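Notes follow the structure.
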Amino acid sequence: MIKKLTNQIIKQMTLLNQLLAICGVLMSSLLMCGSIAMADQYKSFMIVEKNNANIKALNTPELLEKNLSKISQSQQALAQRFLARHFVEKKQYQKAISFYQESLQNDDLSIFSKQQLLDELSIIYMFTKQYKLAISTLDQYQQVSTKISAKLAKDNTKITNQSTQKNALPTQNNKRFFDRVLIRAQAYFYLGQYNKATTALHETFNEASLDRLTAKINSNDTSFVFEKVDQALSLFYAMQAFPQAVDVLNYLIKISPKNKSHWQMLTHVYMKMEQQQKALDTLVLAEAQLTPSNVSSSTPDLPKNQFEQSSYDWLIALYVNNQLYFQAAQKQWQLMQQKLFPQDDKAYYQLFNLWYHAKEITKAQQALAKSAELSQKAEHFIQLAQLQLQQNNWLQVETAVLSACKIGLNDKLIGKANLLLGVQYAHRGERILAKQAFTNANYIGGSIEESAKWLRYLNNGEVDENFNPYGKFNGPCIPRSEKNLLSIVSNLISPTQPLAKPKITVLSHPKVEKITLATQFKTLPRMTFYGLEISTSKADFGDKLLKNIFRLYRIVMRKGGKIKGPLHIIYQRNEKPSTSDELVFTLALPINGSMLGQAGVRSFKTTKFYALTSQFEGKFEDVVNAWQKLLAYAKQEQLIISGENRQLFMKNMPDGYVQLELQLGLLNDDINTAIK
């Protein structure tokens, strides 16, 4: 939530920076100028033909442009000005610029009109991205304005024309004054001259100057000032002129203390300046301004609370950034009681972390217990058990761990869960249960060293020589992955014998009969496996398989490996499980990364594998027939097999059935031809 709010603020400032005066301020000025250049304005320009008393009125801009040289010199400057505005409205900006320049060179143009034309021309230059010309035009405008001021001071003359007075006094009641400042700063910005842009902008847009300028403006006509200030703020932010941005934001907050976006921006700017304490102080003040005194009341007349969930998240994060964990926890708990903050498992888990860092262990334990209850996440119950162990609450430790084990633990936490159970059993004097739990913890990575110490302690300081590191888990805490493995492998085992002998049926397919089989071509990527090679007769296949499945799994777990797929049986090249007397296969688990080998078990990588695959669902002893049918189908379709086949244990099915995927290896060229 905090990151989302920050991104919204940045996005808002970026969009303002892109728009600024170009799309908002400048376009409105251009349209205002264009509206003057309506057709009716051209009726004031007349041609008096020589030797003819007839007077010809120029009623259209086209006629005016065509006959510009025929009108009087005194009228040409004004006509050029009207034509310039006309072409601005038509978006023919280069033509408009030419007429502006011609009008400015006319000696009959008054100094006041020249001032206004320079103002308009700077907008056109800015709009057409001619930034250097925009700056030089504004410089000329300033020179003309200085001459006007000097002339007025010298003549001590009051200008009675209201529009002329508006142009002559840029610091009073003149919206365009702010636009010119923004145009100059923007032009410097786009030219990459950030220091000049910042200086030009800050001369006007600072708290003291803005107070002085807005004091001279009618209170009913100040909204445009706030718009300009927002645009200046975006420019400051884009140039990373953060102290100047702070100055502007303080002004905005002073005149509009209920505007939440300004408080948020000021907090964000302080964070950009790495002033965490000022950011926190700002958000605390914002909460006081934006939160009604009785927000929990249902009275409809109360003002709406503008301090939203994301702002509360931000406030708590700032307490944490300033290492004020107790205040953060206290604030969140207060908000939760007032129903201004969520009361779900995530909120309680965050509250737990805050109380824990504040060293309020009892409150942390209560928050974590509530989080675990709501989320039903096994890892939260394990954390709770660890916290209760620190408090010597032995019975509560057992309850929390058993709750986690009932939900189901991943391999990473199962060792820790059994270790916690073992510790609390040992403290209660239940040695048999303790030894069982520590033995479980010693089967899997993560707690081997600690559990081995406890086992040695329970064995009077001696190492248990009968300990089998690849044994079977006992007790209530079994890894989730082993439960899945057990559910699959259990279907391979009948109640009376480890594995039923395969039932091989010799398939006979006359040439007239066509085999139909649901198959799929697959290209399997390079993979890393951890496995061991097994050579056995068909009669001993089941015994060998069952004996090594848990051994392989336990080695991977003890080494901290991460299994990323189902158990594989990889039949070696040139071995066909349906016809060979001796089966040679590799029992393998796909893993992430690589692992050190031990006692005939190693990690290995495979190349791309091209296969014809089919799904098998049924009794495990019938899989040989399924292989036969797949081989026969490949022969019927004239596919060339590579000699390497894979068998994947996917999942168990009801009534003792298993689901396998049979992958018959094909040559690369052959599979490409088949797909085509």
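Ligands are numbered from 1 in the order shown, chains are lettered A, B, ... in the order of the structure tokens, and residues start at 1 in each chain.
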Please identify every residue of stretch 530-610 of chain A that has at least one atom no farther than 12 Å from an atom of stretch 397-418 of chain A, counting only C-alpha atoms, and for each give the shortest atom pair and the distance in Å to one decimal, arranged by chain then increasing number, as a Markdown table.
```
| residue | atom | partner | partner_atom | distance |
| --- | --- | --- | --- | --- |
| A:Tyr553 | CA | A:Asp411 | CA | 11.0 |
| A:Arg554 | CA | A:Asp411 | CA | 10.5 |
| A:Val556 | CA | A:Asp411 | CA | 10.6 |
| A:Met557 | CA | A:Asp411 | CA | 7.3 |
| A:Arg558 | CA | A:Gly415 | CA | 9.8 |
| A:Lys559 | CA | A:Lys412 | CA | 11.2 |
| A:Gly560 | CA | A:Lys412 | CA | 8.0 |
| A:Gly561 | CA | A:Asp411 | CA | 9.8 |
| A:Lys562 | CA | A:Asp411 | CA | 9.0 |
| A:Ile563 | CA | A:Asp411 | CA | 10.0 |
```
How about saving the chosen residues, all heavy atoms kept, as a PDB file, in the first residue's frame?
```pdb
ATOM      1  N   TYR A 553      14.759 -39.589  -1.524  1.00  0.00           N
ATOM      2  CA  TYR A 553      14.038 -38.412  -1.038  1.00  0.00           C
ATOM      3  C   TYR A 553      14.697 -37.842   0.209  1.00  0.00           C
ATOM      4  O   TYR A 553      14.883 -36.629   0.347  1.00  0.00           O
ATOM      5  CB  TYR A 553      12.587 -38.795  -0.761  1.00  0.00           C
ATOM      6  CG  TYR A 553      11.826 -37.765   0.029  1.00  0.00           C
ATOM      7  CD1 TYR A 553      11.333 -36.610  -0.578  1.00  0.00           C
ATOM      8  CD2 TYR A 553      11.605 -37.944   1.393  1.00  0.00           C
ATOM      9  CE1 TYR A 553      10.639 -35.659   0.148  1.00  0.00           C
ATOM     10  CE2 TYR A 553      10.917 -36.998   2.125  1.00  0.00           C
ATOM     11  CZ  TYR A 553      10.431 -35.858   1.507  1.00  0.00           C
ATOM     12  OH  TYR A 553       9.756 -34.925   2.227  1.00  0.00           O
ATOM     13  N   ARG A 554      15.071 -38.727   1.154  1.00  0.00           N
ATOM     14  CA  ARG A 554      15.641 -38.255   2.415  1.00  0.00           C
ATOM     15  C   ARG A 554      17.006 -37.593   2.210  1.00  0.00           C
ATOM     16  O   ARG A 554      17.323 -36.600   2.862  1.00  0.00           O
ATOM     17  CB  ARG A 554      15.781 -39.432   3.390  1.00  0.00           C
ATOM     18  CG  ARG A 554      16.020 -39.002   4.803  1.00  0.00           C
ATOM     19  CD  ARG A 554      14.774 -38.451   5.476  1.00  0.00           C
ATOM     20  NE  ARG A 554      13.836 -39.518   5.741  1.00  0.00           N
ATOM     21  CZ  ARG A 554      12.632 -39.585   5.176  1.00  0.00           C
ATOM     22  NH1 ARG A 554      12.229 -38.629   4.364  1.00  0.00           N
ATOM     23  NH2 ARG A 554      11.817 -40.578   5.437  1.00  0.00           N
ATOM     24  N   VAL A 556      17.987 -35.916  -0.439  1.00  0.00           N
ATOM     25  CA  VAL A 556      17.730 -34.579  -0.989  1.00  0.00           C
ATOM     26  C   VAL A 556      17.286 -33.628   0.111  1.00  0.00           C
ATOM     27  O   VAL A 556      17.743 -32.480   0.207  1.00  0.00           O
ATOM     28  CB  VAL A 556      16.666 -34.648  -2.109  1.00  0.00           C
ATOM     29  CG1 VAL A 556      16.295 -33.251  -2.584  1.00  0.00           C
ATOM     30  CG2 VAL A 556      17.192 -35.465  -3.288  1.00  0.00           C
ATOM     31  N   MET A 557      16.411 -34.099   0.999  1.00  0.00           N
ATOM     32  CA  MET A 557      15.902 -33.246   2.065  1.00  0.00           C
ATOM     33  C   MET A 557      16.998 -32.885   3.068  1.00  0.00           C
ATOM     34  O   MET A 557      17.089 -31.751   3.540  1.00  0.00           O
ATOM     35  CB  MET A 557      14.742 -33.933   2.782  1.00  0.00           C
ATOM     36  CG  MET A 557      13.478 -34.064   1.954  1.00  0.00           C
ATOM     37  SD  MET A 557      12.780 -32.451   1.476  1.00  0.00           S
ATOM     38  CE  MET A 557      13.443 -32.268  -0.179  1.00  0.00           C
ATOM     39  N   ARG A 558      17.837 -33.855   3.414  1.00  0.00           N
ATOM     40  CA  ARG A 558      18.905 -33.590   4.392  1.00  0.00           C
ATOM     41  C   ARG A 558      19.925 -32.594   3.846  1.00  0.00           C
ATOM     42  O   ARG A 558      20.535 -31.831   4.585  1.00  0.00           O
ATOM     43  CB  ARG A 558      19.610 -34.891   4.788  1.00  0.00           C
ATOM     44  CG  ARG A 558      18.809 -35.744   5.755  1.00  0.00           C
ATOM     45  CD  ARG A 558      19.491 -37.065   6.029  1.00  0.00           C
ATOM     46  NE  ARG A 558      20.745 -36.880   6.757  1.00  0.00           N
ATOM     47  CZ  ARG A 558      20.850 -36.772   8.087  1.00  0.00           C
ATOM     48  NH1 ARG A 558      19.763 -36.805   8.837  1.00  0.00           N
ATOM     49  NH2 ARG A 558      22.020 -36.626   8.664  1.00  0.00           N
ATOM     50  N   LYS A 559      20.077 -32.592   2.537  1.00  0.00           N
ATOM     51  CA  LYS A 559      21.037 -31.675   1.923  1.00  0.00           C
ATOM     52  C   LYS A 559      20.405 -30.310   1.606  1.00  0.00           C
ATOM     53  O   LYS A 559      21.057 -29.434   1.049  1.00  0.00           O
ATOM     54  CB  LYS A 559      21.607 -32.289   0.644  1.00  0.00           C
ATOM     55  CG  LYS A 559      22.568 -33.443   0.892  1.00  0.00           C
ATOM     56  CD  LYS A 559      23.110 -33.980  -0.414  1.00  0.00           C
ATOM     57  CE  LYS A 559      24.181 -35.030  -0.173  1.00  0.00           C
ATOM     58  NZ  LYS A 559      25.404 -34.450   0.417  1.00  0.00           N
ATOM     59  N   GLY A 560      19.141 -30.145   1.945  1.00  0.00           N
ATOM     60  CA  GLY A 560      18.480 -28.865   1.703  1.00  0.00           C
ATOM     61  C   GLY A 560      18.122 -28.630   0.255  1.00  0.00           C
ATOM     62  O   GLY A 560      17.933 -27.481  -0.161  1.00  0.00           O
ATOM     63  N   GLY A 561      18.015 -29.701  -0.535  1.00  0.00           N
ATOM     64  CA  GLY A 561      17.665 -29.533  -1.941  1.00  0.00           C
ATOM     65  C   GLY A 561      16.202 -29.199  -2.129  1.00  0.00           C
ATOM     66  O   GLY A 561      15.368 -29.462  -1.258  1.00  0.00           O
ATOM     67  N   LYS A 562      15.878 -28.608  -3.270  1.00  0.00           N
ATOM     68  CA  LYS A 562      14.498 -28.227  -3.571  1.00  0.00           C
ATOM     69  C   LYS A 562      13.999 -29.046  -4.750  1.00  0.00           C
ATOM     70  O   LYS A 562      14.472 -28.905  -5.877  1.00  0.00           O
ATOM     71  CB  LYS A 562      14.404 -26.733  -3.885  1.00  0.00           C
ATOM     72  CG  LYS A 562      12.971 -26.258  -4.051  1.00  0.00           C
ATOM     73  CD  LYS A 562      12.896 -24.753  -4.200  1.00  0.00           C
ATOM     74  CE  LYS A 562      11.439 -24.300  -4.303  1.00  0.00           C
ATOM     75  NZ  LYS A 562      11.333 -22.836  -4.480  1.00  0.00           N
ATOM     76  N   ILE A 563      13.024 -29.906  -4.471  1.00  0.00           N
ATOM     77  CA  ILE A 563      12.453 -30.760  -5.510  1.00  0.00           C
ATOM     78  C   ILE A 563      11.460 -29.950  -6.330  1.00  0.00           C
ATOM     79  O   ILE A 563      10.607 -29.256  -5.785  1.00  0.00           O
ATOM     80  CB  ILE A 563      11.767 -31.986  -4.873  1.00  0.00           C
ATOM     81  CG1 ILE A 563      12.787 -32.804  -4.061  1.00  0.00           C
ATOM     82  CG2 ILE A 563      11.122 -32.865  -5.938  1.00  0.00           C
ATOM     83  CD1 ILE A 563      12.179 -33.908  -3.239  1.00  0.00           C
TER      84      ILE A 563
END
```
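For the choices A:Ala238, A:Leu667, A:Ile549, A:Met336, the atom-to-atom distance to A:Ala367 is smallest for A:Met336 when using only C-alpha atoms.
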Counting only C-alpha atoms, the option among A:Leu191, A:Val624, A:Leu315, A:Ala611 closest to A:Leu639: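 Looking only at the distances to A:Leu639, the closest residue turns out to be A:Ala611.
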Between atom CA of A:Ala200 and atom CA of A:Arg184 - distance in Å to one decimal: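 Taking atom CA of A:Arg184 as the start and atom CA of A:Ala200 as the end point, the length is 7.2 Å.
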Separation of atom CA of A:Leu662 from atom CA of A:Ser642 in Å: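 So the answer is 14.3 Å.
One distance worth recording is that between atom CA of A:Pro342 and atom CA of A:Val269, which is 27.5 Å.
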A:Leu648 environment, 6 Å, only C-alpha atoms, sequence neighbours closer than 5 positions dropped, as a PyMOL selection string: chain A and resi 567-568+660-661
Please produce an output containing C-alpha atoms for each residue in the selection, written as a compact mmCIF listing (two decimals), in the first residue's frame.
```txt
# COMPACT_ATOMS: atom_id res chain seq x y z
CA LEU A 567 9.60 -38.74 -9.25
CA HIS A 568 11.14 -40.08 -12.49
CA LEU A 660 1.77 -42.12 -14.55
CA GLU A 661 3.07 -40.37 -17.63
```
Spatial neighbours of A:Ala317, max dist 8 Å, only C-alpha atoms, sep filter under 3 positions, as a VMD selection string: chain A and resid 2 313 to 314 320 to 321 328
Would you output that residue set with N, CA, C and O atoms, as a PDB file, in the first residue's frame?
```
ATOM      1  N   ILE A   2       1.944   1.216   0.793  1.00  0.00           N
ATOM      2  CA  ILE A   2       2.817   2.404   0.873  1.00  0.00           C
ATOM      3  C   ILE A   2       3.463   2.664  -0.470  1.00  0.00           C
ATOM      4  O   ILE A   2       3.501   3.788  -0.963  1.00  0.00           O
ATOM      5  N   ASP A 313      -1.012   3.297   6.610  1.00  0.00           N
ATOM      6  CA  ASP A 313       0.119   2.387   6.342  1.00  0.00           C
ATOM      7  C   ASP A 313       1.425   3.175   6.295  1.00  0.00           C
ATOM      8  O   ASP A 313       2.460   2.748   6.833  1.00  0.00           O
ATOM      9  N   TRP A 314       1.354   4.298   5.609  1.00  0.00           N
ATOM     10  CA  TRP A 314       2.538   5.144   5.449  1.00  0.00           C
ATOM     11  C   TRP A 314       2.997   5.683   6.797  1.00  0.00           C
ATOM     12  O   TRP A 314       4.190   5.711   7.101  1.00  0.00           O
ATOM     13  N   VAL A 320       8.303   3.175  11.906  1.00  0.00           N
ATOM     14  CA  VAL A 320       9.297   2.098  11.845  1.00  0.00           C
ATOM     15  C   VAL A 320      10.626   2.624  11.304  1.00  0.00           C
ATOM     16  O   VAL A 320      11.698   2.295  11.822  1.00  0.00           O
ATOM     17  N   ASN A 321      10.570   3.449  10.241  1.00  0.00           N
ATOM     18  CA  ASN A 321      11.797   4.014   9.673  1.00  0.00           C
ATOM     19  C   ASN A 321      12.577   4.828  10.700  1.00  0.00           C
ATOM     20  O   ASN A 321      13.803   4.922  10.640  1.00  0.00           O
ATOM     21  N   ALA A 328       4.634   2.833  16.736  1.00  0.00           N
ATOM     22  CA  ALA A 328       4.002   2.239  15.554  1.00  0.00           C
ATOM     23  C   ALA A 328       2.977   1.189  15.957  1.00  0.00           C
ATOM     24  O   ALA A 328       1.853   1.167  15.443  1.00  0.00           O
TER      25      ALA A 328
END
```
Residue neighbourhood stretch 515-526 of chain A, 6 Å, only C-alpha atoms, exclusion window fewer than 2 positions, as a list in words: Thr606, Thr607, Lys608, Phe609, Tyr610, Ala611, Leu612, Thr613 and Ser614 of chain A
Polymer residues at most 12 Å from stretch 349-366 of chain A, only C-alpha atoms, same-chain spacing of 4 or more positions, as a PyMOL selection string: chain A and resi 313+316-317+319-321+323-336+341-345+370-375+377+379-391+393+396-397+400
Write out as a PDB file with C-alpha atoms, in the first residue's frame each polymer residue whose atoms come within 8 Å of A:Ala279, counting only C-alpha atoms; drop sequence neighbours fewer than 6 positions from it.
```pdb
ATOM      1  CA  LEU A 266       5.320  17.132   1.363  1.00  0.00           C
ATOM      2  CA  THR A 267       5.821  13.846   3.213  1.00  0.00           C
ATOM      3  CA  HIS A 268       7.112  12.218   0.044  1.00  0.00           C
ATOM      4  CA  VAL A 269       9.529  15.084  -0.674  1.00  0.00           C
ATOM      5  CA  TYR A 270      10.964  14.861   2.853  1.00  0.00           C
ATOM      6  CA  MET A 271      11.498  11.140   2.254  1.00  0.00           C
ATOM      7  CA  LEU A 318       7.497   6.113   9.006  1.00  0.00           C
TER       8      LEU A 318
END
```
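Across A:Lys514, A:Lys629, A:Lys619, A:Arg180, the tightest approach to A:Tyr657 is made by A:Lys619 when counting only C-alpha atoms.
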Test item, strand (DSSP E) assignment across stretch 517-652 of chain A, answer as a PyMOL selection string: chain A and resi 520-524+527-537+568-571+582-590+601-606+609-618+641-652
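Residue nearest A:Met527, chosen from A:Gln615, A:Ser603, A:Thr146, A:Ser256 and counting only C-alpha atoms: A:Ser603.
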Shortest interatomic distance to A:Ile478 - which of A:Tyr457, A:Tyr312, A:Phe178, A:Tyr443, counting only C-alpha atoms: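 For A:Ile478, the nearest of the given residues is A:Tyr443.
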